[in-house]
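Novice: Before anything else, here's the structure in question.
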Amino acid sequence: MAKRNEWKPLMDAVQAAGWTYRASKHGTYVYPAEPGVRPVTIPGTPGDYRSLRNTRAQLRRAGLTGV
């Protein structure tokens, strides 16, 4: 399972790209800077060791570079 400190660089890259995120009851929603692109959902309690890698892939598919 990914540790909390492994998620921080990912969230820093999200903010540096001008994207926004909002914590919710079940996870975190990451909103791309350009309109019309669906938000990416990050699980609040990732239970799989691949969750960080899968989240990075989802963000790349949504258009975030450098993750």
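Here, A, B, ... name the chains of the structure tokens in the order displayed, residue numbers run from 1 inside each chain, and ligands are numbered from 1 in the same displayed order.
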Apply DSSP to the structure's backbone, then extract all residues of chain A labelled strand (DSSP E) and return them as a ChimeraX atom specification.

Specialist: /A:20-23,27-31,40-43

Novice: Put those residues in a file: N, CA, C and O atoms, as a PDB file, in the first residue's frame.

Specialist:
ATOM      1  N   THR A  20      -7.230  21.786  -9.653  1.00  0.00           N
ATOM      2  CA  THR A  20      -7.726  21.937  -8.289  1.00  0.00           C
ATOM      3  C   THR A  20      -8.217  20.589  -7.787  1.00  0.00           C
ATOM      4  O   THR A  20      -8.510  19.692  -8.580  1.00  0.00           O
ATOM      5  N   TYR A  21      -8.306  20.464  -6.477  1.00  0.00           N
ATOM      6  CA  TYR A  21      -8.864  19.242  -5.916  1.00  0.00           C
ATOM      7  C   TYR A  21      -9.708  19.580  -4.703  1.00  0.00           C
ATOM      8  O   TYR A  21      -9.541  20.622  -4.071  1.00  0.00           O
ATOM      9  N   ARG A  22     -10.642  18.694  -4.433  1.00  0.00           N
ATOM     10  CA  ARG A  22     -11.576  18.879  -3.323  1.00  0.00           C
ATOM     11  C   ARG A  22     -11.737  17.547  -2.615  1.00  0.00           C
ATOM     12  O   ARG A  22     -12.063  16.541  -3.235  1.00  0.00           O
ATOM     13  N   ALA A  23     -11.488  17.563  -1.336  1.00  0.00           N
ATOM     14  CA  ALA A  23     -11.665  16.346  -0.536  1.00  0.00           C
ATOM     15  C   ALA A  23     -13.152  16.143  -0.272  1.00  0.00           C
ATOM     16  O   ALA A  23     -13.892  17.095  -0.041  1.00  0.00           O
ATOM     17  N   GLY A  27     -13.268  10.282  -0.800  1.00  0.00           N
ATOM     18  CA  GLY A  27     -12.006  10.384  -1.507  1.00  0.00           C
ATOM     19  C   GLY A  27     -11.719  11.826  -1.875  1.00  0.00           C
ATOM     20  O   GLY A  27     -12.200  12.757  -1.236  1.00  0.00           O
ATOM     21  N   THR A  28     -10.960  12.004  -2.938  1.00  0.00           N
ATOM     22  CA  THR A  28     -10.591  13.329  -3.411  1.00  0.00           C
ATOM     23  C   THR A  28     -10.930  13.430  -4.885  1.00  0.00           C
ATOM     24  O   THR A  28     -10.621  12.530  -5.660  1.00  0.00           O
ATOM     25  N   TYR A  29     -11.552  14.541  -5.275  1.00  0.00           N
ATOM     26  CA  TYR A  29     -11.854  14.799  -6.673  1.00  0.00           C
ATOM     27  C   TYR A  29     -10.831  15.788  -7.205  1.00  0.00           C
ATOM     28  O   TYR A  29     -10.628  16.851  -6.623  1.00  0.00           O
ATOM     29  N   VAL A  30     -10.181  15.448  -8.309  1.00  0.00           N
ATOM     30  CA  VAL A  30      -9.184  16.305  -8.940  1.00  0.00           C
ATOM     31  C   VAL A  30      -9.805  16.848 -10.222  1.00  0.00           C
ATOM     32  O   VAL A  30     -10.230  16.086 -11.093  1.00  0.00           O
ATOM     33  N   TYR A  31      -9.860  18.188 -10.320  1.00  0.00           N
ATOM     34  CA  TYR A  31     -10.495  18.845 -11.454  1.00  0.00           C
ATOM     35  C   TYR A  31      -9.439  19.432 -12.386  1.00  0.00           C
ATOM     36  O   TYR A  31      -8.627  20.253 -11.959  1.00  0.00           O
ATOM     37  N   VAL A  40     -11.007  13.447 -11.956  1.00  0.00           N
ATOM     38  CA  VAL A  40     -10.409  12.165 -11.596  1.00  0.00           C
ATOM     39  C   VAL A  40     -10.681  11.943 -10.109  1.00  0.00           C
ATOM     40  O   VAL A  40     -10.491  12.846  -9.298  1.00  0.00           O
ATOM     41  N   THR A  41     -11.127  10.763  -9.765  1.00  0.00           N
ATOM     42  CA  THR A  41     -11.410  10.437  -8.374  1.00  0.00           C
ATOM     43  C   THR A  41     -10.251   9.648  -7.783  1.00  0.00           C
ATOM     44  O   THR A  41      -9.816   8.646  -8.343  1.00  0.00           O
ATOM     45  N   ILE A  42      -9.748  10.116  -6.656  1.00  0.00           N
ATOM     46  CA  ILE A  42      -8.683   9.433  -5.932  1.00  0.00           C
ATOM     47  C   ILE A  42      -9.311   8.819  -4.694  1.00  0.00           C
ATOM     48  O   ILE A  42      -9.994   9.516  -3.936  1.00  0.00           O
ATOM     49  N   PRO A  43      -9.113   7.533  -4.452  1.00  0.00           N
ATOM     50  CA  PRO A  43      -9.756   6.903  -3.298  1.00  0.00           C
ATOM     51  C   PRO A  43      -9.256   7.476  -1.977  1.00  0.00           C
ATOM     52  O   PRO A  43      -8.086   7.818  -1.835  1.00  0.00           O
TER      53      PRO A  43
END

Novice: Give me every helix (DSSP H, G or I) residue in chain A, going by DSSP on the backbone, as a PyMOL selection string.

Specialist: chain A and resi 4-16+51-62

Novice: Out of A:Asn5, A:Gln58, A:Ser51, A:Thr45, which residue has the shortest atom-to-atom distance to A:Pro32 when counting only C-alpha atoms?

Specialist: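 Nearest candidate to A:Pro32 out of A:Asn5, A:Gln58, A:Ser51, A:Thr45: A:Gln58.
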
Novice: Please list as a ChimeraX atom specification every residue within 12 Å of A:Val67, counting only C-alpha atoms and excluding residues in the same chain fewer than 2 positions away.

Specialist: /A:7-17,52-65

Novice: Only N, CA, C and O atoms, please: the residues just picked out, written as a compact mmCIF listing (two decimals), in the first residue's frame.

Specialist:
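again_8.txt was written with the following content:
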# COMPACT_ATOMS: atom_id res chain seq x y z
N TRP A 7 2.04 10.16 -1.69
CA TRP A 7 0.97 10.88 -2.38
C TRP A 7 1.25 12.37 -2.46
O TRP A 7 0.74 13.05 -3.35
N LYS A 8 2.04 12.92 -1.55
CA LYS A 8 2.28 14.37 -1.52
C LYS A 8 2.89 14.90 -2.81
O LYS A 8 2.40 15.90 -3.33
N PRO A 9 3.94 14.30 -3.37
CA PRO A 9 4.47 14.82 -4.64
C PRO A 9 3.44 14.81 -5.77
O PRO A 9 3.43 15.70 -6.62
N LEU A 10 2.57 13.82 -5.76
CA LEU A 10 1.53 13.75 -6.78
C LEU A 10 0.56 14.92 -6.64
O LEU A 10 0.23 15.59 -7.62
N MET A 11 0.13 15.21 -5.43
CA MET A 11 -0.80 16.32 -5.21
C MET A 11 -0.11 17.66 -5.45
O MET A 11 -0.75 18.61 -5.90
N ASP A 12 1.18 17.76 -5.17
CA ASP A 12 1.93 18.98 -5.47
C ASP A 12 1.99 19.21 -6.97
O ASP A 12 1.86 20.35 -7.44
N ALA A 13 2.17 18.14 -7.76
CA ALA A 13 2.18 18.27 -9.22
C ALA A 13 0.82 18.69 -9.75
O ALA A 13 0.73 19.47 -10.71
N VAL A 14 -0.24 18.22 -9.12
CA VAL A 14 -1.60 18.61 -9.51
C VAL A 14 -1.78 20.11 -9.31
O VAL A 14 -2.26 20.82 -10.20
N GLN A 15 -1.38 20.61 -8.16
CA GLN A 15 -1.51 22.04 -7.89
C GLN A 15 -0.60 22.88 -8.78
O GLN A 15 -1.00 23.95 -9.24
N ALA A 16 0.61 22.41 -9.04
CA ALA A 16 1.55 23.17 -9.88
C ALA A 16 1.05 23.30 -11.31
O ALA A 16 1.35 24.28 -11.99
N ALA A 17 0.25 22.34 -11.76
CA ALA A 17 -0.29 22.39 -13.12
C ALA A 17 -1.54 23.26 -13.21
O ALA A 17 -2.10 23.41 -14.29
N LEU A 52 -1.48 4.04 -6.20
CA LEU A 52 -0.74 5.23 -6.58
C LEU A 52 -0.40 5.19 -8.06
O LEU A 52 -0.58 6.19 -8.78
N ARG A 53 0.05 4.05 -8.54
CA ARG A 53 0.38 3.90 -9.97
C ARG A 53 -0.86 4.07 -10.84
O ARG A 53 -0.81 4.72 -11.88
N ASN A 54 -1.98 3.51 -10.42
CA ASN A 54 -3.22 3.64 -11.19
C ASN A 54 -3.72 5.08 -11.22
O ASN A 54 -4.21 5.55 -12.24
N THR A 55 -3.58 5.79 -10.11
CA THR A 55 -4.00 7.18 -10.05
C THR A 55 -3.14 8.04 -10.97
O THR A 55 -3.65 8.91 -11.67
N ARG A 56 -1.84 7.78 -10.97
CA ARG A 56 -0.96 8.53 -11.89
C ARG A 56 -1.37 8.29 -13.34
O ARG A 56 -1.38 9.21 -14.16
N ALA A 57 -1.71 7.06 -13.68
CA ALA A 57 -2.13 6.75 -15.05
C ALA A 57 -3.44 7.47 -15.39
O ALA A 57 -3.58 8.00 -16.49
N GLN A 58 -4.37 7.53 -14.46
CA GLN A 58 -5.63 8.23 -14.71
C GLN A 58 -5.38 9.72 -14.92
O GLN A 58 -5.99 10.33 -15.80
N LEU A 59 -4.49 10.31 -14.14
CA LEU A 59 -4.19 11.73 -14.30
C LEU A 59 -3.49 12.01 -15.63
O LEU A 59 -3.77 13.02 -16.28
N ARG A 60 -2.60 11.12 -16.05
CA ARG A 60 -1.96 11.28 -17.37
C ARG A 60 -2.98 11.21 -18.48
O ARG A 60 -2.94 11.99 -19.44
N ARG A 61 -3.93 10.27 -18.38
CA ARG A 61 -4.98 10.15 -19.40
C ARG A 61 -5.85 11.38 -19.44
O ARG A 61 -6.38 11.74 -20.49
N ALA A 62 -6.01 12.04 -18.30
CA ALA A 62 -6.83 13.26 -18.24
C ALA A 62 -6.07 14.48 -18.74
O ALA A 62 -6.67 15.55 -18.89
N GLY A 63 -4.75 14.34 -18.97
CA GLY A 63 -3.99 15.43 -19.55
C GLY A 63 -2.93 16.05 -18.66
O GLY A 63 -2.27 17.01 -19.06
N LEU A 64 -2.72 15.53 -17.47
CA LEU A 64 -1.68 16.08 -16.58
C LEU A 64 -0.33 15.51 -16.99
O LEU A 64 -0.18 14.29 -17.15
N THR A 65 0.64 16.37 -17.17
CA THR A 65 1.98 15.92 -17.54
C THR A 65 2.91 16.05 -16.35
O THR A 65 2.69 16.83 -15.45
